[in-house]
>>> print(open('coords.txt').read())   # compact mmCIF, C-alpha atoms and all ligand atoms
# COMPACT_ATOMS: atom_id res chain seq x y z
CA MET A 1 -69.14 86.98 -22.35
CA ALA A 2 -68.52 83.68 -20.56
CA HIS A 3 -67.85 83.97 -16.82
CA LEU A 4 -64.46 82.40 -16.03
CA THR A 5 -64.05 80.29 -12.88
CA ARG A 6 -60.54 79.40 -11.77
CA TRP A 7 -60.37 76.06 -9.99
CA GLY A 8 -57.94 74.71 -7.41
CA ILE A 9 -58.00 70.93 -7.05
CA MET A 10 -57.39 69.47 -3.59
CA ALA A 11 -56.11 65.85 -3.91
CA THR A 12 -55.05 63.80 -6.89
CA GLY A 13 -57.07 60.58 -6.55
CA GLY A 14 -59.60 58.90 -8.81
CA ILE A 15 -62.46 61.39 -8.75
CA ALA A 16 -60.18 64.45 -8.90
CA LYS A 17 -58.96 63.15 -12.25
CA THR A 18 -62.47 62.47 -13.54
CA PHE A 19 -63.72 65.87 -12.42
CA VAL A 20 -60.83 67.75 -14.03
CA LEU A 21 -61.28 65.87 -17.31
CA ASP A 22 -64.89 67.08 -17.33
CA LEU A 23 -63.83 70.65 -16.45
CA LEU A 24 -61.61 70.64 -19.53
CA LYS A 25 -64.50 69.87 -21.92
CA ASP A 26 -65.67 72.84 -23.94
CA PRO A 27 -68.87 74.16 -22.26
CA LYS A 28 -70.30 75.01 -25.69
CA THR A 29 -70.66 71.27 -26.37
CA ARG A 30 -73.34 71.24 -23.66
CA ASP A 31 -74.90 74.61 -24.51
CA ALA A 32 -73.25 76.35 -21.55
CA ALA A 33 -71.60 79.22 -23.39
CA ASP A 34 -72.16 81.53 -20.38
CA VAL A 35 -69.44 79.81 -18.32
CA ALA A 36 -65.76 78.91 -18.72
CA HIS A 37 -63.52 76.85 -16.45
CA GLN A 38 -59.79 76.92 -15.90
CA VAL A 39 -57.75 74.66 -13.63
CA VAL A 40 -55.08 76.93 -12.15
CA ALA A 41 -53.68 74.82 -9.30
CA VAL A 42 -53.55 71.23 -8.11
CA ALA A 43 -52.31 70.08 -4.70
CA SER A 44 -51.29 66.70 -3.39
CA SER A 45 -50.74 66.05 0.31
CA SER A 46 -48.31 63.30 -0.70
CA SER A 47 -45.74 65.15 -2.81
CA LYS A 48 -45.16 67.85 -5.38
CA ASP A 49 -44.18 65.12 -7.87
CA ARG A 50 -47.59 63.55 -7.48
CA ALA A 51 -49.29 66.88 -8.18
CA ALA A 52 -47.04 67.42 -11.21
CA GLN A 53 -47.77 63.90 -12.46
CA PHE A 54 -51.48 64.65 -12.16
CA LEU A 55 -51.08 67.69 -14.43
CA THR A 56 -49.34 65.53 -17.01
CA ASP A 57 -51.81 62.65 -16.75
CA VAL A 58 -54.83 64.87 -17.16
CA GLY A 59 -53.22 67.12 -19.76
CA ILE A 60 -54.07 70.50 -18.25
CA PRO A 61 -53.39 73.16 -20.87
CA GLY A 62 -51.59 76.43 -20.04
CA SER A 63 -49.95 77.20 -16.74
CA CYS A 64 -51.15 75.41 -13.63
CA ALA A 65 -49.42 75.36 -10.25
CA ALA A 66 -48.50 72.02 -8.66
CA TYR A 67 -48.38 72.18 -4.87
CA ALA A 68 -47.08 69.74 -2.26
CA SER A 69 -49.62 70.79 0.36
CA TYR A 70 -53.25 71.80 0.67
CA GLU A 71 -52.13 74.87 2.66
CA GLU A 72 -50.29 76.21 -0.41
CA LEU A 73 -53.34 75.58 -2.60
CA VAL A 74 -55.74 77.57 -0.41
CA ALA A 75 -53.22 80.42 -0.19
CA ASP A 76 -53.05 80.80 -3.98
CA PRO A 77 -54.71 84.12 -4.91
CA ASN A 78 -55.49 82.84 -8.42
CA VAL A 79 -57.88 80.19 -7.10
CA ASP A 80 -61.58 81.20 -7.05
CA VAL A 81 -62.95 77.89 -5.81
CA VAL A 82 -61.46 74.74 -4.30
CA TYR A 83 -62.73 71.30 -5.30
CA ILE A 84 -62.21 68.94 -2.34
CA ALA A 85 -61.68 65.35 -3.49
CA THR A 86 -60.32 63.68 -0.37
CA PRO A 87 -61.87 60.76 1.60
CA HIS A 88 -65.01 61.51 3.68
CA SER A 89 -63.00 61.56 6.92
CA HIS A 90 -61.02 64.59 5.73
CA HIS A 91 -63.75 66.81 4.26
CA TYR A 92 -64.39 68.78 7.45
CA GLN A 93 -60.74 69.60 8.14
CA ASN A 94 -60.02 70.32 4.46
CA ALA A 95 -63.10 72.51 4.02
CA MET A 96 -62.33 74.47 7.20
CA LEU A 97 -58.81 75.02 5.92
CA ALA A 98 -60.16 76.45 2.65
CA LEU A 99 -62.87 78.57 4.30
CA GLU A 100 -60.42 80.02 6.82
CA ALA A 101 -58.24 81.00 3.85
CA GLY A 102 -61.20 82.75 2.24
CA LYS A 103 -61.89 80.21 -0.52
CA ASN A 104 -65.19 79.11 -2.03
CA ILE A 105 -65.74 75.36 -1.99
CA LEU A 106 -67.21 72.47 -3.92
CA CYS A 107 -66.80 69.50 -1.54
CA GLU A 108 -67.26 65.88 -2.60
CA LYS A 109 -70.00 63.79 -1.06
CA ALA A 110 -70.56 62.73 1.66
CA PHE A 111 -70.34 66.36 2.82
CA THR A 112 -68.80 65.48 6.19
CA VAL A 113 -68.76 62.58 8.64
CA ASN A 114 -71.67 63.91 10.71
CA VAL A 115 -74.19 66.75 10.82
CA ALA A 116 -72.34 68.64 13.57
CA GLN A 117 -69.38 69.11 11.24
CA ALA A 118 -71.62 70.05 8.29
CA LYS A 119 -73.39 72.72 10.38
CA ILE A 120 -70.09 74.35 11.30
CA LEU A 121 -69.03 74.44 7.65
CA CYS A 122 -72.28 76.16 6.64
CA GLU A 123 -72.07 78.65 9.53
CA THR A 124 -68.46 79.43 8.65
CA ALA A 125 -69.26 79.90 4.96
CA ARG A 126 -72.13 82.24 5.85
CA LYS A 127 -69.99 84.24 8.26
CA LYS A 128 -67.21 84.60 5.73
CA ASN A 129 -69.56 85.22 2.81
CA LEU A 130 -68.21 82.25 0.85
CA PHE A 131 -69.85 79.77 -1.51
CA LEU A 132 -70.13 76.18 -0.28
CA MET A 133 -71.75 73.18 -1.95
CA GLU A 134 -71.80 69.43 -1.43
CA ALA A 135 -70.86 67.90 -4.79
CA VAL A 136 -73.95 65.79 -5.39
CA TRP A 137 -73.40 65.89 -9.14
CA THR A 138 -76.42 63.74 -10.07
CA ARG A 139 -78.79 66.54 -9.04
CA TYR A 140 -77.47 68.74 -11.85
CA PHE A 141 -78.02 66.21 -14.65
CA PRO A 142 -80.63 67.41 -17.17
CA LEU A 143 -82.34 64.06 -16.47
CA SER A 144 -82.70 64.81 -12.75
CA ILE A 145 -83.94 68.33 -13.42
CA GLN A 146 -86.56 66.99 -15.85
CA VAL A 147 -87.72 64.31 -13.42
CA ARG A 148 -88.15 66.92 -10.67
CA GLU A 149 -90.09 69.18 -13.06
CA LEU A 150 -92.35 66.30 -14.12
CA ILE A 151 -93.18 65.61 -10.48
CA GLN A 152 -93.88 69.28 -9.83
CA GLN A 153 -96.14 69.40 -12.90
CA GLY A 154 -98.13 66.47 -11.50
CA ALA A 155 -97.18 64.07 -14.32
CA ILE A 156 -97.56 61.07 -11.99
CA GLY A 157 -99.94 62.70 -9.52
CA GLU A 158 -98.99 62.91 -5.88
CA VAL A 159 -95.85 60.89 -5.14
CA PHE A 160 -96.36 58.38 -2.33
CA ARG A 161 -93.39 56.07 -2.62
CA VAL A 162 -89.83 56.13 -3.93
CA LEU A 163 -87.59 53.07 -4.11
CA ALA A 164 -83.89 53.68 -4.74
CA ASP A 165 -81.10 51.12 -4.83
CA THR A 166 -77.40 51.95 -5.21
CA SER A 167 -75.63 48.65 -4.75
CA PHE A 168 -72.62 46.91 -6.27
CA GLY A 169 -72.58 43.13 -5.93
CA ASP A 170 -68.86 42.75 -5.43
CA ASP A 171 -67.01 40.41 -3.16
CA PRO A 172 -65.87 43.14 -0.72
CA GLU A 173 -63.12 40.97 0.76
CA THR A 174 -61.49 40.63 -2.69
CA LYS A 175 -62.34 44.04 -4.08
CA TRP A 176 -61.88 46.29 -1.04
CA GLY A 177 -59.96 44.23 1.52
CA LEU A 178 -59.10 46.11 4.72
CA GLU A 179 -57.46 49.39 3.76
CA SER A 180 -59.44 50.89 0.88
CA ARG A 181 -61.28 54.14 1.57
CA MET A 182 -64.44 52.20 0.66
CA VAL A 183 -64.27 50.07 3.83
CA ASN A 184 -61.74 51.76 6.09
CA LEU A 185 -63.39 53.17 9.24
CA ASP A 186 -60.54 55.67 9.69
CA LEU A 187 -61.56 57.19 6.33
CA ALA A 188 -65.31 57.01 7.14
CA GLY A 189 -65.69 54.22 4.59
CA GLY A 190 -68.75 52.03 4.12
CA CYS A 191 -71.67 51.90 1.74
CA LEU A 192 -73.95 54.42 3.49
CA LEU A 193 -71.73 57.47 3.09
CA ASP A 194 -70.24 56.40 -0.22
CA LEU A 195 -73.18 54.89 -2.17
CA GLY A 196 -76.28 55.08 0.00
CA ILE A 197 -76.13 58.83 -0.29
CA TYR A 198 -77.26 58.46 -3.91
CA SER A 199 -80.30 56.43 -2.90
CA LEU A 200 -81.06 59.16 -0.36
CA THR A 201 -80.47 61.75 -3.08
CA TRP A 202 -83.16 60.21 -5.26
CA ILE A 203 -85.59 60.07 -2.36
CA PHE A 204 -84.88 63.61 -1.26
CA GLN A 205 -84.87 65.19 -4.70
CA THR A 206 -88.27 63.67 -5.48
CA LEU A 207 -90.12 63.67 -2.13
CA TYR A 208 -88.55 66.72 -0.46
CA HIS A 209 -86.90 69.06 -2.95
CA THR A 210 -89.98 69.17 -5.20
CA LEU A 211 -92.02 70.79 -2.41
CA PRO A 212 -92.06 74.53 -1.69
CA ARG A 213 -89.36 75.26 0.92
CA ASP A 214 -91.80 75.95 3.75
CA GLN A 215 -93.42 72.54 3.25
CA ARG A 216 -90.21 70.47 3.39
CA LYS A 217 -90.23 68.41 6.60
CA PRO A 218 -87.50 66.02 7.81
CA PRO A 219 -88.53 62.36 7.59
CA THR A 220 -88.79 59.70 10.26
CA VAL A 221 -85.99 57.12 9.99
CA THR A 222 -85.97 53.34 10.45
CA SER A 223 -82.97 51.31 9.33
CA GLN A 224 -80.89 48.16 9.31
CA VAL A 225 -77.10 48.14 9.05
CA THR A 226 -74.94 45.08 8.34
CA PRO A 227 -71.29 45.53 9.29
CA TYR A 228 -68.46 44.40 7.06
CA HIS A 229 -66.78 41.77 9.21
CA LEU A 230 -63.20 42.78 8.32
CA THR A 231 -63.39 46.46 9.34
CA GLY A 232 -66.73 47.23 11.02
CA SER A 233 -67.82 49.71 8.35
CA ASP A 234 -71.24 49.05 6.78
CA GLU A 235 -71.48 46.66 3.82
CA SER A 236 -75.30 46.72 3.47
CA THR A 237 -77.68 49.35 4.76
CA THR A 238 -81.42 49.76 4.25
CA VAL A 239 -83.30 52.90 5.26
CA LEU A 240 -87.04 53.47 5.44
CA LEU A 241 -88.03 57.14 5.49
CA GLY A 242 -91.49 58.52 6.25
CA PHE A 243 -92.20 62.02 4.91
CA PRO A 244 -95.29 63.81 6.18
CA THR A 245 -97.21 65.31 3.26
CA SER A 246 -98.35 68.55 4.72
CA THR A 247 -100.98 70.00 2.42
CA PRO A 248 -103.05 72.25 4.72
CA ASN A 249 -106.42 70.81 3.58
CA ASN A 250 -105.64 67.25 4.63
CA GLY A 251 -107.79 67.61 7.73
CA PRO A 252 -107.81 64.50 9.85
CA HIS A 253 -106.67 62.37 6.90
CA VAL A 254 -102.95 61.90 7.64
CA LYS A 255 -100.87 61.13 4.58
CA GLN A 256 -97.29 60.03 4.36
CA SER A 257 -94.83 59.30 1.57
CA HIS A 258 -92.37 56.45 1.94
CA GLY A 259 -88.79 56.41 0.74
CA VAL A 260 -86.88 53.15 0.68
CA ALA A 261 -83.13 53.66 0.29
CA LEU A 262 -81.07 50.54 -0.31
CA THR A 263 -77.32 50.25 -0.56
CA SER A 264 -74.92 47.34 -0.49
CA MET A 265 -71.43 46.34 -1.47
CA ARG A 266 -72.27 42.63 -1.49
CA VAL A 267 -75.50 42.36 -3.49
CA GLY A 268 -75.93 44.46 -6.62
CA ASN A 269 -78.98 46.24 -7.97
CA ASP A 270 -77.82 45.20 -11.46
CA PRO A 271 -75.93 41.92 -11.02
CA ASP A 272 -75.41 41.12 -14.73
CA GLU A 273 -74.75 44.82 -15.51
CA LYS A 274 -77.27 44.65 -18.37
CA GLY A 275 -80.21 46.18 -16.55
CA THR A 276 -81.99 42.78 -16.44
CA SER A 277 -83.24 43.36 -12.91
CA GLY A 278 -85.10 46.54 -13.82
CA PRO A 279 -84.82 50.18 -12.83
CA PRO A 280 -82.80 51.05 -9.71
CA ILE A 281 -85.10 54.01 -9.08
CA ARG A 282 -88.93 53.90 -9.02
CA ILE A 283 -90.93 57.01 -8.22
CA GLN A 284 -94.54 56.08 -7.64
CA GLY A 285 -97.48 58.46 -7.69
CA ASP A 286 -101.24 58.01 -7.66
CA LYS A 287 -101.38 58.69 -11.42
CA GLY A 288 -98.35 56.71 -12.56
CA GLU A 289 -94.69 55.97 -12.11
CA ILE A 290 -91.33 57.30 -13.26
CA GLN A 291 -88.54 54.77 -13.57
CA VAL A 292 -84.91 55.82 -13.83
CA PHE A 293 -82.32 53.58 -15.49
CA GLY A 294 -78.54 53.37 -15.52
CA LEU A 295 -76.27 53.87 -12.54
CA PRO A 296 -78.20 55.73 -9.83
CA PHE A 297 -75.43 58.34 -9.64
CA GLN A 298 -75.09 58.56 -13.43
CA PRO A 299 -78.53 57.81 -14.87
CA THR A 300 -79.07 57.70 -18.62
CA ARG A 301 -82.78 57.22 -19.18
CA TYR A 302 -86.17 57.61 -17.59
CA ARG A 303 -89.51 56.04 -18.43
CA ILE A 304 -92.82 57.55 -17.46
CA ILE A 305 -95.64 55.03 -17.10
CA PRO A 306 -99.06 56.67 -16.65
CA LYS A 307 -101.72 54.73 -14.78
CA LYS A 308 -103.97 52.63 -17.05
CA GLY A 309 -106.15 54.90 -19.18
CA LEU A 310 -104.17 58.06 -18.42
CA GLY A 311 -101.80 58.06 -21.40
CA GLU A 312 -98.93 56.34 -23.14
CA VAL A 313 -95.60 55.11 -21.84
CA ARG A 314 -92.81 57.52 -22.78
CA ASP A 315 -89.02 57.13 -22.65
CA ALA A 316 -86.41 59.88 -22.54
CA GLU A 317 -82.76 59.05 -23.20
CA PHE A 318 -79.84 61.34 -22.27
CA SER A 319 -76.32 61.60 -23.61
CA PHE A 320 -73.07 62.96 -22.17
CA PRO A 321 -71.80 65.74 -24.44
CA ALA A 322 -68.13 65.60 -25.47
CA ASN A 323 -67.99 62.09 -24.02
CA GLY A 324 -67.87 63.51 -20.50
CA ARG A 325 -68.83 61.83 -17.26
CA GLY A 326 -71.55 64.35 -16.34
CA MET A 327 -69.62 66.18 -13.62
CA TYR A 328 -69.46 69.36 -15.72
CA TRP A 329 -73.09 70.15 -15.00
CA GLU A 330 -72.38 70.64 -11.28
CA ALA A 331 -69.24 72.63 -12.17
CA ASP A 332 -71.35 74.92 -14.36
CA GLU A 333 -73.73 75.43 -11.45
CA VAL A 334 -70.82 76.45 -9.21
CA ALA A 335 -69.61 78.92 -11.86
CA ARG A 336 -73.07 80.49 -12.16
CA CYS A 337 -73.49 80.73 -8.38
CA LEU A 338 -70.11 82.48 -8.07
CA ARG A 339 -70.97 84.81 -10.95
CA ASP A 340 -74.29 85.67 -9.29
CA GLY A 341 -72.79 86.15 -5.81
CA LYS A 342 -74.70 83.21 -4.27
CA LEU A 343 -73.40 81.40 -1.19
CA GLU A 344 -75.33 78.19 -1.87
CA SER A 345 -76.88 76.35 -4.79
CA GLU A 346 -80.64 76.00 -5.10
CA GLY A 347 -80.13 72.42 -6.37
CA MET A 348 -78.31 71.30 -3.21
CA PRO A 349 -79.10 73.84 -0.50
CA TRP A 350 -77.23 73.72 2.81
CA GLU A 351 -80.41 72.97 4.71
CA GLU A 352 -81.02 69.84 2.61
CA SER A 353 -77.41 68.64 2.96
CA LEU A 354 -77.88 69.02 6.73
CA VAL A 355 -81.16 67.07 6.83
CA ILE A 356 -79.57 64.25 4.80
CA MET A 357 -76.53 64.20 7.11
CA GLU A 358 -78.96 64.03 10.06
CA VAL A 359 -80.64 61.00 8.46
CA MET A 360 -77.27 59.29 8.02
CA ASP A 361 -76.32 60.09 11.63
CA GLU A 362 -79.58 58.51 12.80
CA VAL A 363 -79.03 55.41 10.64
CA ARG A 364 -75.57 55.02 12.15
CA ARG A 365 -76.97 55.54 15.66
CA GLN A 366 -79.61 52.84 15.10
CA GLY A 367 -77.04 50.47 13.60
CA GLY A 368 -74.30 51.13 16.17
CA LEU A 369 -71.95 52.31 13.44
CA LYS A 370 -69.31 54.68 14.86
CA TYR A 371 -66.23 56.17 13.26
CA PRO A 372 -63.14 56.94 15.33
CA GLU A 373 -63.54 59.98 17.58
CA SER A 374 -60.71 61.74 15.77
CA ILE A 375 -62.77 61.96 12.56
CA GLU A 376 -66.17 62.54 14.25
CA SER A 377 -64.64 65.53 16.03
CA THR A 378 -65.61 69.11 15.22
CA GLN A 379 -62.33 70.40 16.58
CA TYR A 380 -60.42 72.44 14.03
CA PRO A 381 -57.57 72.14 13.51
CA LEU A 382 -57.52 68.65 14.91
CA GLN A 383 -54.92 68.10 17.68
CA LEU A 384 -53.68 64.56 17.07
N1 LIG A 401 -68.91 62.10 -7.49
C1 LIG A 401 -68.49 60.89 -7.77
O1 LIG A 401 -68.88 60.26 -8.73
C2 LIG A 401 -67.47 60.26 -6.90
C3 LIG A 401 -67.17 60.84 -5.70
N2 LIG A 401 -66.23 60.28 -4.90
C4 LIG A 401 -65.93 60.96 -3.65
O2 LIG A 401 -64.67 61.62 -3.80
C5 LIG A 401 -63.87 61.50 -2.63
C6 LIG A 401 -62.56 60.85 -2.97
O3 LIG A 401 -62.78 59.59 -3.56
P1 LIG A 401 -61.71 58.94 -4.58
O4 LIG A 401 -61.18 59.93 -5.50
O5 LIG A 401 -62.37 57.73 -5.14
O6 LIG A 401 -60.58 58.49 -3.55
P2 LIG A 401 -59.06 58.18 -3.87
O7 LIG A 401 -58.61 57.28 -2.78
O8 LIG A 401 -58.89 57.75 -5.26
O9 LIG A 401 -58.35 59.60 -3.71
C7 LIG A 401 -58.40 60.31 -2.51
C8 LIG A 401 -57.23 61.30 -2.50
O10 LIG A 401 -57.32 62.03 -1.30
C9 LIG A 401 -56.03 62.39 -0.85
N3 LIG A 401 -55.88 62.05 0.55
C10 LIG A 401 -55.60 62.92 1.54
N4 LIG A 401 -55.50 62.32 2.70
C11 LIG A 401 -55.70 61.01 2.48
C12 LIG A 401 -55.68 59.87 3.33
N5 LIG A 401 -55.44 59.93 4.64
N6 LIG A 401 -55.92 58.67 2.75
C13 LIG A 401 -56.17 58.57 1.45
N7 LIG A 401 -56.20 59.63 0.61
C14 LIG A 401 -55.94 60.84 1.12
C15 LIG A 401 -55.04 61.66 -1.73
O11 LIG A 401 -54.53 62.61 -2.66
P3 LIG A 401 -53.14 63.37 -2.45
O12 LIG A 401 -52.18 62.33 -1.97
O13 LIG A 401 -52.82 63.88 -3.76
O14 LIG A 401 -53.37 64.44 -1.42
C16 LIG A 401 -55.87 60.65 -2.47
O15 LIG A 401 -55.39 60.40 -3.76
C17 LIG A 401 -64.78 60.77 -1.63
O16 LIG A 401 -65.47 61.72 -0.88
C18 LIG A 401 -65.76 60.01 -2.49
O17 LIG A 401 -66.99 59.74 -1.87
C19 LIG A 401 -65.53 59.19 -5.30
C20 LIG A 401 -65.79 58.57 -6.48
C21 LIG A 401 -66.83 59.03 -7.37
O1 LIG A 402 -69.61 58.69 -5.66
C1 LIG A 402 -69.36 57.57 -6.09
O2 LIG A 402 -69.88 57.19 -7.27
C2 LIG A 402 -69.29 56.14 -7.99
C3 LIG A 402 -68.88 55.00 -7.10
O3 LIG A 402 -68.20 54.03 -7.86
C4 LIG A 402 -67.97 55.53 -6.01
O4 LIG A 402 -67.64 54.49 -5.10
C5 LIG A 402 -68.66 56.60 -5.23
O5 LIG A 402 -67.75 57.24 -4.37
>>> encode(input="coords.txt", output="structure tokens", more="lines below")
Ligand SMILES: NC(=O)C1=CN([C@@H]2O[C@H](COP(=O)(O)OP(=O)(O)OC[C@H]3O[C@@H](n4cnc5c(N)ncnc54)[C@H](OP(=O)(O)O)[C@@H]3O)[C@@H](O)[C@H]2O)C=CC1
Ligand SMILES: O=C1OC[C@@H](O)[C@H](O)[C@H]1O
Amino acid sequence: MAHLTRWGIMATGGIAKTFVLDLLKDPKTRDAADVAHQVVAVASSSSKDRAAQFLTDVGIPGSCAAYASYEELVADPNVDVVYIATPHSHHYQNAMLALEAGKNILCEKAFTVNVAQAKILCETARKKNLFLMEAVWTRYFPLSIQVRELIQQGAIGEVFRVLADTSFGDDPETKWGLESRMVNLDLAGGCLLDLGIYSLTWIFQTLYHTLPRDQRKPPTVTSQVTPYHLTGSDESTTVLLGFPTSTPNNGPHVKQSHGVALTSMRVGNDPDEKGTSGPPIRIQGDKGEIQVFGLPFQPTRYRIIPKKGLGEVRDAEFSFPANGRGMYWEADEVARCLRDGKLESEGMPWEESLVIMEVMDEVRRQGGLKYPESIESTQYPLQL
């Protein structure tokens, strides 16, 4: 029988809507007959009307509570897991609220504002025996899983370099102005936490996650940050990561893999939106290369190019069952983890979320990018 997971949705913004629409798709359409999802409660911090409007807009079938506060949501005994879909600045406070109320959590990326906050969330979840996962949905795409398996099988040999670019070439002044969560420092806006995390995801899931756990080593970090002149958040950030490859037989021959993570709101990785400028992700090994196409957070195709003489070029194309967005795959993972009594997901383990947050902290330190103390704080609840 399918294991039922009852979801509570915290916030009613853009991604909450997209996520719920995916939750409502029949899991059988994606061969996931072992899980079932139900949305049992939605909360808006703005008003009960807004929560009720969300239910209508999304078309949630059956009975679903509409709450005017996040406190009411986390107190609802019918909720198995809370999906946190608030701006980055609020994840820590919102997740602590849910954990303190005894709720499991799927929390949108970026996990928190800094690693100190993320560590406390993981410690609290462990202490309270609750499930916690950063919602890096791309990791659960069948495409991502296949790419990781290909690397582990040695399809392109040893991987020495990964280039990943998640950039939208918009005019930020016109598109985001001053207040939007994308650029607002008070909401921990900026391209690093919002988009750059996907470039880091590609680097980590290929150069780090593919290794046995005891061989995963944090990278060295070098970076450049360009501030957005209207708010001081980052509009373009480039990160160079150096991963030691620690095979015991290396001897004196020191090897390193390089990850280049690019992100920008002003120059795009696909300016004409037709893929003319090539793949946003290139994973390069000593026996060939894997290229990934489409949006870096929602890829649709990969191409494997063996080194000359080692085989033929092969393409693999992926679809989104039931016309979904692809967020249901991470939701299915949450359901299976809850069913199996796990506190964390193998695809996005706490330790890896923490190392990635550490990298982003270091990039911000090097670039002088600070958020207001009130949102960097680990104090809970925050005394404002
Ligand atoms: N996985 C993905 O593909 C995507 C993930 N995201 C992530 O999801 C999160 C939310 O992004 P998105 O949905 O685009 O943001 P929106 O601005 O569309 O929605 C955020 C919601 O958070 C709630 N909220 C609570 N406090 C505040 C506050 N002080 N200011 C603004 N909103 C507040 C509001 O809901 P209410 O009033 O109902 O409480 C608001 O509607 C971010 O972490 C972002 O990185 C975003 C887009 C895509
Ligand atoms: O996670 C995201 O993916 C899609 C982007 O458009 C959005 O800004 C970001 O939050």
>>> closest_atom_pairs(input="coords.txt", of="chain A", to="ligand LIG 402 (chain A)", cutoff="9 Å", atoms="only C-alpha atoms and all ligand atoms", output="CSV")
residue,atom,partner,partner_atom,distance
A:Ile15,CA,A:LIG402,O5,8.0
A:Glu108,CA,A:LIG402,O1,8.2
A:Lys109,CA,A:LIG402,O1,6.9
A:Ala110,CA,A:LIG402,O1,8.4
A:Val136,CA,A:LIG402,O1,8.3
A:Trp137,CA,A:LIG402,O1,8.8
A:Phe168,CA,A:LIG402,O3,8.5
A:Met182,CA,A:LIG402,O4,7.0
A:Cys191,CA,A:LIG402,O4,8.4
A:Leu193,CA,A:LIG402,O5,8.5
A:Asp194,CA,A:LIG402,O5,4.9
A:Leu195,CA,A:LIG402,C5,5.7
A:Ile197,CA,A:LIG402,O1,8.4
A:Tyr198,CA,A:LIG402,O1,7.9
A:Leu295,CA,A:LIG402,C2,8.6
A:Pro296,CA,A:LIG402,O2,8.8
A:Phe297,CA,A:LIG402,O2,6.1
A:Gln298,CA,A:LIG402,O2,8.2
>>> residues_near_ligand(input="coords.txt", ligand="ligand LIG 401 (chain A)", cutoff="7 Å", atoms="all atoms listed in the file", output="list of chain:residue names")
A:Met10, A:Ala11, A:Thr12, A:Gly13, A:Gly14, A:Ile15, A:Ala16, A:Ala43, A:Ser44, A:Ser45, A:Ser46, A:Arg50, A:Ala51, A:Ala85, A:Thr86, A:Pro87, A:His88, A:His90, A:Glu108, A:Lys109, A:Ala110, A:Ala135, A:Val136, A:Trp137, A:Arg181, A:Leu187, A:Asp194, A:Phe297
>>> residues_around(input="coords.txt", residues="A:Thr201", least_positions_apart="2", cutoff="9 Å", atoms="only C-alpha atoms", output="MDAnalysis selection string")
chainID A and resid 136 138:139 164 196:199 203:206 297 356
>>> atom_distance(input="coords.txt", atom1="atom CA of A:Gly341", atom2="atom CA of A:Leu24")
23.5 Å
>>> residues_near_point(input="coords.txt", point="(-69.0, 75.5, -8.3)", cutoff="10 Å", atoms="all atoms listed in the file", output="VMD selection string")
chain A and resid 5 to 7 37 80 to 83 104 to 107 131 to 135 328 to 339 344 to 345
>>> write_last_selection(input="coords.txt", atoms="C-alpha atoms", output="JSON list (two decimals), keeping the file's coordinate frame")
[["chain", "number", "residue", "atom", "x", "y", "z"],
["A", 5, "THR", "CA", -64.05, 80.29, -12.88],
["A", 6, "ARG", "CA", -60.54, 79.40, -11.77],
["A", 7, "TRP", "CA", -60.37, 76.06, -9.99],
["A", 37, "HIS", "CA", -63.52, 76.85, -16.45],
["A", 80, "ASP", "CA", -61.58, 81.20, -7.05],
["A", 81, "VAL", "CA", -62.95, 77.89, -5.81],
["A", 82, "VAL", "CA", -61.46, 74.74, -4.30],
["A", 83, "TYR", "CA", -62.73, 71.30, -5.30],
["A", 104, "ASN", "CA", -65.19, 79.11, -2.03],
["A", 105, "ILE", "CA", -65.74, 75.36, -1.99],
["A", 106, "LEU", "CA", -67.21, 72.47, -3.92],
["A", 107, "CYS", "CA", -66.80, 69.50, -1.54],
["A", 131, "PHE", "CA", -69.85, 79.77, -1.51],
["A", 132, "LEU", "CA", -70.13, 76.18, -0.28],
["A", 133, "MET", "CA", -71.75, 73.18, -1.95],
["A", 134, "GLU", "CA", -71.80, 69.43, -1.43],
["A", 135, "ALA", "CA", -70.86, 67.90, -4.79],
["A", 328, "TYR", "CA", -69.46, 69.36, -15.72],
["A", 329, "TRP", "CA", -73.09, 70.15, -15.00],
["A", 330, "GLU", "CA", -72.38, 70.64, -11.28],
["A", 331, "ALA", "CA", -69.24, 72.63, -12.17],
["A", 332, "ASP", "CA", -71.35, 74.92, -14.36],
["A", 333, "GLU", "CA", -73.73, 75.43, -11.45],
["A", 334, "VAL", "CA", -70.82, 76.45, -9.21],
["A", 335, "ALA", "CA", -69.61, 78.92, -11.86],
["A", 336, "ARG", "CA", -73.07, 80.49, -12.16],
["A", 337, "CYS", "CA", -73.49, 80.73, -8.38],
["A", 338, "LEU", "CA", -70.11, 82.48, -8.07],
["A", 339, "ARG", "CA", -70.97, 84.81, -10.95],
["A", 344, "GLU", "CA", -75.33, 78.19, -1.87],
["A", 345, "SER", "CA", -76.88, 76.35, -4.79]]
>>> residues_around(input="coords.txt", residues="A:Glu351", least_positions_apart="6", cutoff="12 Å", atoms="only C-alpha atoms", output="PyMOL selection string")
chain A and resi 115+118-119+121-123+132-134+204+208-209+213-214+216-218+344-345+357-358
>>> atom_distance(input="coords.txt", atom1="atom CA of A:Val40", atom2="atom CA of A:Lys28")
20.5 Å
>>> residues_around(input="coords.txt", residues="stretch 169-178 of chain A", least_positions_apart="6", cutoff="10 Å", atoms="only C-alpha atoms", output="ChimeraX atom specification")
/A:184-185,228-232,235,264-273
>>> atom_distance(input="coords.txt", atom1="atom CA of A:Lys307", atom2="atom CA of A:Leu241")
24.6 Å
>>> residues_around(input="coords.txt", residues="A:Leu97", least_positions_apart="6", cutoff="10 Å", atoms="all atoms listed in the file", output="list in words")
Tyr70, Glu71, Val74, Ala75, His91, Lys103, Tyr380 and Pro381 of chain A
>>> residues_around(input="coords.txt", residues="A:Cys64", least_positions_apart="5", cutoff="8 Å", atoms="only C-alpha atoms", output="count of residues only")
5
